[in-house]
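Participant: For reference, this is final_34.txt, and it has compact mmCIF, N, CA and C atoms.
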```
# COMPACT_ATOMS: atom_id res chain seq x y z
N MET D 1 0.84 -1.18 0.00
CA MET D 1 0.00 0.00 0.00
C MET D 1 0.89 1.25 0.00
N LEU D 2 0.47 2.24 -0.72
CA LEU D 2 1.20 3.49 -0.83
C LEU D 2 1.11 4.27 0.48
N LYS D 3 2.28 4.64 1.02
CA LYS D 3 2.30 5.44 2.24
C LYS D 3 2.40 6.91 1.86
N VAL D 4 1.48 7.70 2.38
CA VAL D 4 1.46 9.13 2.10
C VAL D 4 1.99 9.85 3.34
N PRO D 5 2.97 10.73 3.15
CA PRO D 5 3.49 11.46 4.31
C PRO D 5 2.40 12.30 4.97
N ALA D 6 2.58 12.57 6.24
CA ALA D 6 1.62 13.40 6.99
C ALA D 6 1.95 14.87 6.73
N TYR D 7 1.43 15.38 5.63
CA TYR D 7 1.68 16.77 5.29
C TYR D 7 0.92 17.71 6.22
N LYS D 8 1.40 18.94 6.28
CA LYS D 8 0.74 19.99 7.02
C LYS D 8 0.97 21.27 6.22
N PHE D 9 -0.08 22.07 6.05
CA PHE D 9 0.05 23.31 5.31
C PHE D 9 0.06 24.49 6.27
N TRP D 10 0.90 25.46 5.97
CA TRP D 10 1.00 26.66 6.80
C TRP D 10 0.14 27.77 6.23
N PHE D 11 -0.42 28.55 7.11
CA PHE D 11 -1.20 29.73 6.75
C PHE D 11 -0.42 30.93 7.28
N ILE D 12 0.18 31.67 6.37
CA ILE D 12 0.98 32.85 6.73
C ILE D 12 0.29 34.07 6.15
N VAL D 13 0.05 35.04 7.01
CA VAL D 13 -0.63 36.26 6.59
C VAL D 13 0.39 37.37 6.45
N GLY D 14 0.26 38.16 5.40
CA GLY D 14 1.16 39.28 5.20
C GLY D 14 0.48 40.61 5.53
N SER D 15 1.24 41.51 6.13
CA SER D 15 0.74 42.84 6.45
C SER D 15 1.94 43.78 6.55
N GLN D 16 1.70 44.94 7.14
CA GLN D 16 2.77 45.92 7.36
C GLN D 16 2.70 46.42 8.79
N ALA D 17 3.85 46.63 9.38
CA ALA D 17 3.91 47.09 10.77
C ALA D 17 3.26 48.46 10.96
N LEU D 18 3.18 49.24 9.92
CA LEU D 18 2.64 50.60 10.05
C LEU D 18 1.17 50.63 10.45
N TYR D 19 0.47 49.50 10.36
CA TYR D 19 -0.94 49.47 10.74
C TYR D 19 -1.13 49.50 12.25
N GLY D 20 -0.08 49.20 13.00
CA GLY D 20 -0.17 49.23 14.45
C GLY D 20 -0.49 47.89 15.07
N GLU D 21 -0.15 47.80 16.34
CA GLU D 21 -0.27 46.54 17.08
C GLU D 21 -1.72 46.04 17.16
N ASP D 22 -2.67 46.93 17.39
CA ASP D 22 -4.07 46.50 17.53
C ASP D 22 -4.60 45.88 16.23
N ASP D 23 -4.28 46.51 15.12
CA ASP D 23 -4.74 45.98 13.83
C ASP D 23 -4.06 44.65 13.51
N LEU D 24 -2.78 44.51 13.85
CA LEU D 24 -2.08 43.26 13.60
C LEU D 24 -2.63 42.13 14.47
N LYS D 25 -3.00 42.44 15.70
CA LYS D 25 -3.62 41.43 16.58
C LYS D 25 -4.98 41.01 16.02
N ALA D 26 -5.75 41.97 15.51
CA ALA D 26 -7.04 41.65 14.92
C ALA D 26 -6.86 40.78 13.68
N LEU D 27 -5.86 41.10 12.87
CA LEU D 27 -5.55 40.30 11.69
C LEU D 27 -5.19 38.88 12.07
N GLU D 28 -4.36 38.73 13.09
CA GLU D 28 -3.99 37.39 13.54
C GLU D 28 -5.21 36.62 14.04
N LYS D 29 -6.06 37.29 14.80
CA LYS D 29 -7.28 36.63 15.30
C LYS D 29 -8.15 36.15 14.14
N ASP D 30 -8.33 37.00 13.13
CA ASP D 30 -9.13 36.62 11.96
C ASP D 30 -8.49 35.45 11.20
N ALA D 31 -7.17 35.49 11.07
CA ALA D 31 -6.47 34.41 10.37
C ALA D 31 -6.63 33.09 11.12
N ARG D 32 -6.53 33.14 12.44
CA ARG D 32 -6.71 31.91 13.23
C ARG D 32 -8.14 31.38 13.09
N THR D 33 -9.10 32.28 13.00
CA THR D 33 -10.49 31.87 12.79
C THR D 33 -10.64 31.16 11.45
N ILE D 34 -10.00 31.69 10.42
CA ILE D 34 -10.05 31.06 9.10
C ILE D 34 -9.43 29.66 9.16
N VAL D 35 -8.27 29.55 9.80
CA VAL D 35 -7.59 28.26 9.92
C VAL D 35 -8.46 27.26 10.67
N ASP D 36 -9.05 27.70 11.78
CA ASP D 36 -9.93 26.82 12.54
C ASP D 36 -11.11 26.35 11.69
N SER D 37 -11.68 27.26 10.92
CA SER D 37 -12.81 26.91 10.06
C SER D 37 -12.40 25.90 8.99
N LEU D 38 -11.25 26.11 8.40
CA LEU D 38 -10.76 25.17 7.39
C LEU D 38 -10.57 23.78 8.00
N ASN D 39 -9.96 23.72 9.16
CA ASN D 39 -9.72 22.43 9.80
C ASN D 39 -11.01 21.78 10.28
N ASP D 40 -11.92 22.59 10.80
CA ASP D 40 -13.20 22.05 11.28
C ASP D 40 -14.09 21.53 10.15
N SER D 41 -13.87 22.03 8.94
CA SER D 41 -14.70 21.61 7.81
C SER D 41 -14.47 20.16 7.43
N LYS D 42 -13.31 19.64 7.77
CA LYS D 42 -12.95 18.24 7.44
C LYS D 42 -12.97 17.98 5.94
N LYS D 43 -12.87 19.04 5.13
CA LYS D 43 -12.89 18.88 3.68
C LYS D 43 -11.48 18.87 3.07
N LEU D 44 -10.49 19.18 3.88
CA LEU D 44 -9.13 19.19 3.38
C LEU D 44 -8.43 17.90 3.76
N PRO D 45 -7.57 17.39 2.90
CA PRO D 45 -6.91 16.12 3.19
C PRO D 45 -5.82 16.24 4.26
N TYR D 46 -5.35 17.45 4.52
CA TYR D 46 -4.29 17.66 5.48
C TYR D 46 -4.63 18.88 6.35
N PRO D 47 -4.08 18.93 7.57
CA PRO D 47 -4.38 20.07 8.44
C PRO D 47 -3.67 21.34 7.99
N VAL D 48 -4.28 22.46 8.37
CA VAL D 48 -3.70 23.78 8.12
C VAL D 48 -3.28 24.33 9.47
N GLU D 49 -2.10 24.92 9.51
CA GLU D 49 -1.57 25.48 10.76
C GLU D 49 -1.30 26.97 10.58
N PHE D 50 -1.84 27.78 11.48
CA PHE D 50 -1.51 29.20 11.44
C PHE D 50 -0.05 29.33 11.84
N LYS D 51 0.72 30.06 11.04
CA LYS D 51 2.14 30.20 11.32
C LYS D 51 2.48 31.56 11.89
N GLU D 52 2.13 32.64 11.18
CA GLU D 52 2.45 33.97 11.68
C GLU D 52 1.88 35.06 10.79
N VAL D 53 1.96 36.28 11.32
CA VAL D 53 1.68 37.46 10.52
C VAL D 53 3.05 38.01 10.12
N ALA D 54 3.36 37.93 8.85
CA ALA D 54 4.65 38.40 8.35
C ALA D 54 4.51 39.87 7.99
N ILE D 55 5.35 40.70 8.62
CA ILE D 55 5.18 42.15 8.44
C ILE D 55 6.36 42.84 7.77
N ASP D 56 7.42 42.09 7.51
CA ASP D 56 8.58 42.70 6.86
C ASP D 56 9.40 41.63 6.16
N ALA D 57 10.43 42.05 5.47
CA ALA D 57 11.25 41.12 4.70
C ALA D 57 11.89 40.07 5.60
N GLN D 58 12.27 40.45 6.80
CA GLN D 58 12.91 39.50 7.71
C GLN D 58 11.97 38.37 8.12
N THR D 59 10.73 38.70 8.49
CA THR D 59 9.80 37.64 8.90
C THR D 59 9.38 36.77 7.72
N ILE D 60 9.26 37.37 6.54
CA ILE D 60 8.92 36.58 5.35
C ILE D 60 10.06 35.64 5.00
N THR D 61 11.27 36.14 5.01
CA THR D 61 12.44 35.30 4.70
C THR D 61 12.59 34.19 5.71
N SER D 62 12.40 34.50 6.99
CA SER D 62 12.50 33.49 8.04
C SER D 62 11.47 32.37 7.84
N ALA D 63 10.25 32.74 7.51
CA ALA D 63 9.20 31.74 7.29
C ALA D 63 9.53 30.85 6.09
N MET D 64 10.03 31.44 5.03
CA MET D 64 10.36 30.67 3.84
C MET D 64 11.54 29.74 4.09
N LYS D 65 12.51 30.19 4.87
CA LYS D 65 13.64 29.32 5.20
C LYS D 65 13.20 28.15 6.07
N GLU D 66 12.28 28.41 7.00
CA GLU D 66 11.76 27.35 7.85
C GLU D 66 10.98 26.32 7.07
N ALA D 67 10.28 26.80 6.05
CA ALA D 67 9.50 25.87 5.21
C ALA D 67 10.43 24.95 4.46
```
Starting from the coordinates I provided, produce the structure as structure tokens.

Facilitator:
Amino acid sequence: MLKVPAYKFWFIVGSQALYGEDDLKALEKDARTIVDSLNDSKKLPYPVEFKEVAIDAQTITSAMKEA
């Protein structure tokens, strides 16, 4: 039988620091709600994991290197 690896998909949201801490927290909350909804739907073959709100080149590069 074919063994399929246990994949996991990341959900990374992009924004800019200039929006302020409150807006970035709201964005993260909304993104986590989306991820929870996707996982709760049971329609995807693999789980989705919220990873981060990427706000600059450093956080984007770090996420891509980790992937």

Participant: Between CA of Leu24 (chain D) and atom N of Ile55 (chain D), measure the distance and give it in Å to one decimal.

Facilitator: 9.3 Å

Participant: Take atom C of Phe9 (chain D) and atom N of Lys29 (chain D) and report the distance between them in Å, one decimal.

Facilitator: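 Pair atom C of Phe9 (chain D) / atom N of Lys29 (chain D) returns 16.6 Å.
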
Participant: To one decimal place in Å, what is the distance between atom C of Glu66 (chain D) and CA of Ile34 (chain D)?

Facilitator: 21.7 Å

Participant: What parts of chain D does DSSP call strand (DSSP E)? I'd like the answer as a PyMOL selection string.

Facilitator: chain D and resi 9-14+48-54

Participant: Kindly export the residues of the current selection with N, CA and C atoms, as a PDB file, in the frame of the given file.

Facilitator:
```pdb
ATOM      1  N   PHE D   9      -0.080  22.070   6.050  1.00  0.00           N
ATOM      2  CA  PHE D   9       0.050  23.310   5.310  1.00  0.00           C
ATOM      3  C   PHE D   9       0.060  24.490   6.270  1.00  0.00           C
ATOM      4  N   TRP D  10       0.900  25.460   5.970  1.00  0.00           N
ATOM      5  CA  TRP D  10       1.000  26.660   6.800  1.00  0.00           C
ATOM      6  C   TRP D  10       0.140  27.770   6.230  1.00  0.00           C
ATOM      7  N   PHE D  11      -0.420  28.550   7.110  1.00  0.00           N
ATOM      8  CA  PHE D  11      -1.200  29.730   6.750  1.00  0.00           C
ATOM      9  C   PHE D  11      -0.420  30.930   7.280  1.00  0.00           C
ATOM     10  N   ILE D  12       0.180  31.670   6.370  1.00  0.00           N
ATOM     11  CA  ILE D  12       0.980  32.850   6.730  1.00  0.00           C
ATOM     12  C   ILE D  12       0.290  34.070   6.150  1.00  0.00           C
ATOM     13  N   VAL D  13       0.050  35.040   7.010  1.00  0.00           N
ATOM     14  CA  VAL D  13      -0.630  36.260   6.590  1.00  0.00           C
ATOM     15  C   VAL D  13       0.390  37.370   6.450  1.00  0.00           C
ATOM     16  N   GLY D  14       0.260  38.160   5.400  1.00  0.00           N
ATOM     17  CA  GLY D  14       1.160  39.280   5.200  1.00  0.00           C
ATOM     18  C   GLY D  14       0.480  40.610   5.530  1.00  0.00           C
ATOM     19  N   VAL D  48      -4.280  22.460   8.370  1.00  0.00           N
ATOM     20  CA  VAL D  48      -3.700  23.780   8.120  1.00  0.00           C
ATOM     21  C   VAL D  48      -3.280  24.330   9.470  1.00  0.00           C
ATOM     22  N   GLU D  49      -2.100  24.920   9.510  1.00  0.00           N
ATOM     23  CA  GLU D  49      -1.570  25.480  10.760  1.00  0.00           C
ATOM     24  C   GLU D  49      -1.300  26.970  10.580  1.00  0.00           C
ATOM     25  N   PHE D  50      -1.840  27.780  11.480  1.00  0.00           N
ATOM     26  CA  PHE D  50      -1.510  29.200  11.440  1.00  0.00           C
ATOM     27  C   PHE D  50      -0.050  29.330  11.840  1.00  0.00           C
ATOM     28  N   LYS D  51       0.720  30.060  11.040  1.00  0.00           N
ATOM     29  CA  LYS D  51       2.140  30.200  11.320  1.00  0.00           C
ATOM     30  C   LYS D  51       2.480  31.560  11.890  1.00  0.00           C
ATOM     31  N   GLU D  52       2.130  32.640  11.180  1.00  0.00           N
ATOM     32  CA  GLU D  52       2.450  33.970  11.680  1.00  0.00           C
ATOM     33  C   GLU D  52       1.880  35.060  10.790  1.00  0.00           C
ATOM     34  N   VAL D  53       1.960  36.280  11.320  1.00  0.00           N
ATOM     35  CA  VAL D  53       1.680  37.460  10.520  1.00  0.00           C
ATOM     36  C   VAL D  53       3.050  38.010  10.120  1.00  0.00           C
ATOM     37  N   ALA D  54       3.360  37.930   8.850  1.00  0.00           N
ATOM     38  CA  ALA D  54       4.650  38.400   8.350  1.00  0.00           C
ATOM     39  C   ALA D  54       4.510  39.870   7.990  1.00  0.00           C
TER      40      ALA D  54
END
```

Participant: Identify the residues around (4.8, 40.0, 10.4) within a radius of 10 Å, measuring from only C-alpha atoms in the coordinates stated by the file, and give them as a list in words.

Facilitator: Ile12, Val13, Gly14, Ser15, Gln16, Ala17, Leu24, Glu28, Glu52, Val53, Ala54, Ile55, Asp56, Ala57, Gln58, Thr59, Ile60 and Ala63 of chain D

Participant: Write down as a ChimeraX atom specification the residues belonging to region 10-42 of chain D that are assigned helix (DSSP H, G or I) by DSSP computed on the backbone.

Facilitator: /D:17-19,21-41

Participant: Save out the residues we just selected, N, CA and C atoms, as a PDB file, keeping the file's coordinate frame.

Facilitator:
```pdb
ATOM      1  N   ALA D  17       3.850  46.630   9.380  1.00  0.00           N
ATOM      2  CA  ALA D  17       3.910  47.090  10.770  1.00  0.00           C
ATOM      3  C   ALA D  17       3.260  48.460  10.960  1.00  0.00           C
ATOM      4  N   LEU D  18       3.180  49.240   9.920  1.00  0.00           N
ATOM      5  CA  LEU D  18       2.640  50.600  10.050  1.00  0.00           C
ATOM      6  C   LEU D  18       1.170  50.630  10.450  1.00  0.00           C
ATOM      7  N   TYR D  19       0.470  49.500  10.360  1.00  0.00           N
ATOM      8  CA  TYR D  19      -0.940  49.470  10.740  1.00  0.00           C
ATOM      9  C   TYR D  19      -1.130  49.500  12.250  1.00  0.00           C
ATOM     10  N   GLU D  21      -0.150  47.800  16.340  1.00  0.00           N
ATOM     11  CA  GLU D  21      -0.270  46.540  17.080  1.00  0.00           C
ATOM     12  C   GLU D  21      -1.720  46.040  17.160  1.00  0.00           C
ATOM     13  N   ASP D  22      -2.670  46.930  17.390  1.00  0.00           N
ATOM     14  CA  ASP D  22      -4.070  46.500  17.530  1.00  0.00           C
ATOM     15  C   ASP D  22      -4.600  45.880  16.230  1.00  0.00           C
ATOM     16  N   ASP D  23      -4.280  46.510  15.120  1.00  0.00           N
ATOM     17  CA  ASP D  23      -4.740  45.980  13.830  1.00  0.00           C
ATOM     18  C   ASP D  23      -4.060  44.650  13.510  1.00  0.00           C
ATOM     19  N   LEU D  24      -2.780  44.510  13.850  1.00  0.00           N
ATOM     20  CA  LEU D  24      -2.080  43.260  13.600  1.00  0.00           C
ATOM     21  C   LEU D  24      -2.630  42.130  14.470  1.00  0.00           C
ATOM     22  N   LYS D  25      -3.000  42.440  15.700  1.00  0.00           N
ATOM     23  CA  LYS D  25      -3.620  41.430  16.580  1.00  0.00           C
ATOM     24  C   LYS D  25      -4.980  41.010  16.020  1.00  0.00           C
ATOM     25  N   ALA D  26      -5.750  41.970  15.510  1.00  0.00           N
ATOM     26  CA  ALA D  26      -7.040  41.650  14.920  1.00  0.00           C
ATOM     27  C   ALA D  26      -6.860  40.780  13.680  1.00  0.00           C
ATOM     28  N   LEU D  27      -5.860  41.100  12.870  1.00  0.00           N
ATOM     29  CA  LEU D  27      -5.550  40.300  11.690  1.00  0.00           C
ATOM     30  C   LEU D  27      -5.190  38.880  12.070  1.00  0.00           C
ATOM     31  N   GLU D  28      -4.360  38.730  13.090  1.00  0.00           N
ATOM     32  CA  GLU D  28      -3.990  37.390  13.540  1.00  0.00           C
ATOM     33  C   GLU D  28      -5.210  36.620  14.040  1.00  0.00           C
ATOM     34  N   LYS D  29      -6.060  37.290  14.800  1.00  0.00           N
ATOM     35  CA  LYS D  29      -7.280  36.630  15.300  1.00  0.00           C
ATOM     36  C   LYS D  29      -8.150  36.150  14.140  1.00  0.00           C
ATOM     37  N   ASP D  30      -8.330  37.000  13.130  1.00  0.00           N
ATOM     38  CA  ASP D  30      -9.130  36.620  11.960  1.00  0.00           C
ATOM     39  C   ASP D  30      -8.490  35.450  11.200  1.00  0.00           C
ATOM     40  N   ALA D  31      -7.170  35.490  11.070  1.00  0.00           N
ATOM     41  CA  ALA D  31      -6.470  34.410  10.370  1.00  0.00           C
ATOM     42  C   ALA D  31      -6.630  33.090  11.120  1.00  0.00           C
ATOM     43  N   ARG D  32      -6.530  33.140  12.440  1.00  0.00           N
ATOM     44  CA  ARG D  32      -6.710  31.910  13.230  1.00  0.00           C
ATOM     45  C   ARG D  32      -8.140  31.380  13.090  1.00  0.00           C
ATOM     46  N   THR D  33      -9.100  32.280  13.000  1.00  0.00           N
ATOM     47  CA  THR D  33     -10.490  31.870  12.790  1.00  0.00           C
ATOM     48  C   THR D  33     -10.640  31.160  11.450  1.00  0.00           C
ATOM     49  N   ILE D  34     -10.000  31.690  10.420  1.00  0.00           N
ATOM     50  CA  ILE D  34     -10.050  31.060   9.100  1.00  0.00           C
ATOM     51  C   ILE D  34      -9.430  29.660   9.160  1.00  0.00           C
ATOM     52  N   VAL D  35      -8.270  29.550   9.800  1.00  0.00           N
ATOM     53  CA  VAL D  35      -7.590  28.260   9.920  1.00  0.00           C
ATOM     54  C   VAL D  35      -8.460  27.260  10.670  1.00  0.00           C
ATOM     55  N   ASP D  36      -9.050  27.700  11.780  1.00  0.00           N
ATOM     56  CA  ASP D  36      -9.930  26.820  12.540  1.00  0.00           C
ATOM     57  C   ASP D  36     -11.110  26.350  11.690  1.00  0.00           C
ATOM     58  N   SER D  37     -11.680  27.260  10.920  1.00  0.00           N
ATOM     59  CA  SER D  37     -12.810  26.910  10.060  1.00  0.00           C
ATOM     60  C   SER D  37     -12.400  25.900   8.990  1.00  0.00           C
ATOM     61  N   LEU D  38     -11.250  26.110   8.400  1.00  0.00           N
ATOM     62  CA  LEU D  38     -10.760  25.170   7.390  1.00  0.00           C
ATOM     63  C   LEU D  38     -10.570  23.780   8.000  1.00  0.00           C
ATOM     64  N   ASN D  39      -9.960  23.720   9.160  1.00  0.00           N
ATOM     65  CA  ASN D  39      -9.720  22.430   9.800  1.00  0.00           C
ATOM     66  C   ASN D  39     -11.010  21.780  10.280  1.00  0.00           C
ATOM     67  N   ASP D  40     -11.920  22.590  10.800  1.00  0.00           N
ATOM     68  CA  ASP D  40     -13.200  22.050  11.280  1.00  0.00           C
ATOM     69  C   ASP D  40     -14.090  21.530  10.150  1.00  0.00           C
ATOM     70  N   SER D  41     -13.870  22.030   8.940  1.00  0.00           N
ATOM     71  CA  SER D  41     -14.700  21.610   7.810  1.00  0.00           C
ATOM     72  C   SER D  41     -14.470  20.160   7.430  1.00  0.00           C
TER      73      SER D  41
END
```

Participant: Could you name the residues that touch Pro45 (chain D) at 8 Å or less, counting all atoms listed in the file, but leaving out those on the same chain fewer than 3 positions away, as an mmCIF file with N, CA and C atoms, keeping the file's coordinate frame?

Facilitator:
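As a result, part06.cif now contains:
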```
data_model
loop_
_atom_site.group_PDB
_atom_site.id
_atom_site.type_symbol
_atom_site.label_atom_id
_atom_site.label_comp_id
_atom_site.auth_asym_id
_atom_site.auth_seq_id
_atom_site.Cartn_x
_atom_site.Cartn_y
_atom_site.Cartn_z
ATOM 1 N N TYR D 7 1.430 15.380 5.630
ATOM 2 C CA TYR D 7 1.680 16.770 5.290
ATOM 3 C C TYR D 7 0.920 17.710 6.220
ATOM 4 N N LYS D 8 1.400 18.940 6.280
ATOM 5 C CA LYS D 8 0.740 19.990 7.020
ATOM 6 C C LYS D 8 0.970 21.270 6.220
ATOM 7 N N LYS D 42 -13.310 19.640 7.770
ATOM 8 C CA LYS D 42 -12.950 18.240 7.440
ATOM 9 C C LYS D 42 -12.970 17.980 5.940
ATOM 10 N N VAL D 48 -4.280 22.460 8.370
ATOM 11 C CA VAL D 48 -3.700 23.780 8.120
ATOM 12 C C VAL D 48 -3.280 24.330 9.470
#
```

Participant: Go through D:Lys65, D:Lys25, D:Arg32, D:Lys3 one by one, measure the shortest atom-to-atom distance of each to Lys51 (chain D) using all atoms listed in the file, and give the residue with the smallest value.

Facilitator: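 Residue with the minimum atom-to-atom distance to Lys51 (chain D): D:Arg32.
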
Participant: I'd like the neighbourhood of Tyr46 (chain D) as a ChimeraX atom specification, where a residue qualifies if any of its atoms comes within 12 Å (using only C-alpha atoms), though same-chain residues fewer than 5 positions away should be ignored.

Facilitator: /D:4-10,35,38-41

Participant: Could region 27-36 of chain D be completed with all heavy atoms and returned as a short mmCIF file (atom, residue, chain, number, x, y, z; two decimals), in the frame of the given file?

Facilitator:
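The result, stored in part.cif:
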```
data_model
loop_
_atom_site.label_atom_id
_atom_site.label_comp_id
_atom_site.auth_asym_id
_atom_site.auth_seq_id
_atom_site.Cartn_x
_atom_site.Cartn_y
_atom_site.Cartn_z
N LEU D 27 -5.86 41.10 12.87
CA LEU D 27 -5.55 40.30 11.69
C LEU D 27 -5.19 38.88 12.07
O LEU D 27 -5.67 37.92 11.46
CB LEU D 27 -4.42 40.95 10.90
CG LEU D 27 -3.92 40.20 9.67
CD1 LEU D 27 -5.01 40.09 8.63
CD2 LEU D 27 -2.70 40.90 9.10
N GLU D 28 -4.36 38.73 13.09
CA GLU D 28 -3.99 37.39 13.54
C GLU D 28 -5.21 36.62 14.04
O GLU D 28 -5.37 35.43 13.73
CB GLU D 28 -2.94 37.46 14.64
CG GLU D 28 -2.53 36.08 15.13
CD GLU D 28 -1.42 36.09 16.16
OE1 GLU D 28 -0.68 37.09 16.26
OE2 GLU D 28 -1.29 35.07 16.87
N LYS D 29 -6.06 37.29 14.80
CA LYS D 29 -7.28 36.63 15.30
C LYS D 29 -8.15 36.15 14.14
O LYS D 29 -8.65 35.02 14.15
CB LYS D 29 -8.05 37.60 16.18
CG LYS D 29 -9.30 37.01 16.78
CD LYS D 29 -10.01 38.02 17.67
CE LYS D 29 -11.27 37.41 18.23
NZ LYS D 29 -12.48 37.97 17.73
N ASP D 30 -8.33 37.00 13.13
CA ASP D 30 -9.13 36.62 11.96
C ASP D 30 -8.49 35.45 11.20
O ASP D 30 -9.18 34.54 10.76
CB ASP D 30 -9.31 37.81 11.03
CG ASP D 30 -10.21 38.89 11.61
OD1 ASP D 30 -10.93 38.61 12.59
OD2 ASP D 30 -10.17 40.02 11.09
N ALA D 31 -7.17 35.49 11.07
CA ALA D 31 -6.47 34.41 10.37
C ALA D 31 -6.63 33.09 11.12
O ALA D 31 -6.83 32.04 10.50
CB ALA D 31 -5.00 34.76 10.20
N ARG D 32 -6.53 33.14 12.44
CA ARG D 32 -6.71 31.91 13.23
C ARG D 32 -8.14 31.38 13.09
O ARG D 32 -8.35 30.16 13.05
CB ARG D 32 -6.37 32.17 14.69
CG ARG D 32 -4.88 32.35 14.92
CD ARG D 32 -4.55 32.57 16.40
NE ARG D 32 -3.15 32.80 16.61
CZ ARG D 32 -2.23 31.84 16.72
NH1 ARG D 32 -2.58 30.57 16.65
NH2 ARG D 32 -0.95 32.14 16.92
N THR D 33 -9.10 32.28 13.00
CA THR D 33 -10.49 31.87 12.79
C THR D 33 -10.64 31.16 11.45
O THR D 33 -11.33 30.13 11.35
CB THR D 33 -11.43 33.09 12.87
OG1 THR D 33 -11.32 33.69 14.16
CG2 THR D 33 -12.87 32.70 12.60
N ILE D 34 -10.00 31.69 10.42
CA ILE D 34 -10.05 31.06 9.10
C ILE D 34 -9.43 29.66 9.16
O ILE D 34 -9.99 28.69 8.64
CB ILE D 34 -9.33 31.93 8.05
CG1 ILE D 34 -10.12 33.21 7.80
CG2 ILE D 34 -9.09 31.16 6.75
CD1 ILE D 34 -9.36 34.26 7.02
N VAL D 35 -8.27 29.55 9.80
CA VAL D 35 -7.59 28.26 9.92
C VAL D 35 -8.46 27.26 10.67
O VAL D 35 -8.62 26.11 10.25
CB VAL D 35 -6.21 28.42 10.59
CG1 VAL D 35 -5.62 27.07 10.97
CG2 VAL D 35 -5.26 29.17 9.66
N ASP D 36 -9.05 27.70 11.78
CA ASP D 36 -9.93 26.82 12.54
C ASP D 36 -11.11 26.35 11.69
O ASP D 36 -11.49 25.18 11.73
CB ASP D 36 -10.43 27.51 13.80
CG ASP D 36 -9.33 27.71 14.84
OD1 ASP D 36 -8.27 27.06 14.73
OD2 ASP D 36 -9.54 28.55 15.75
#
```
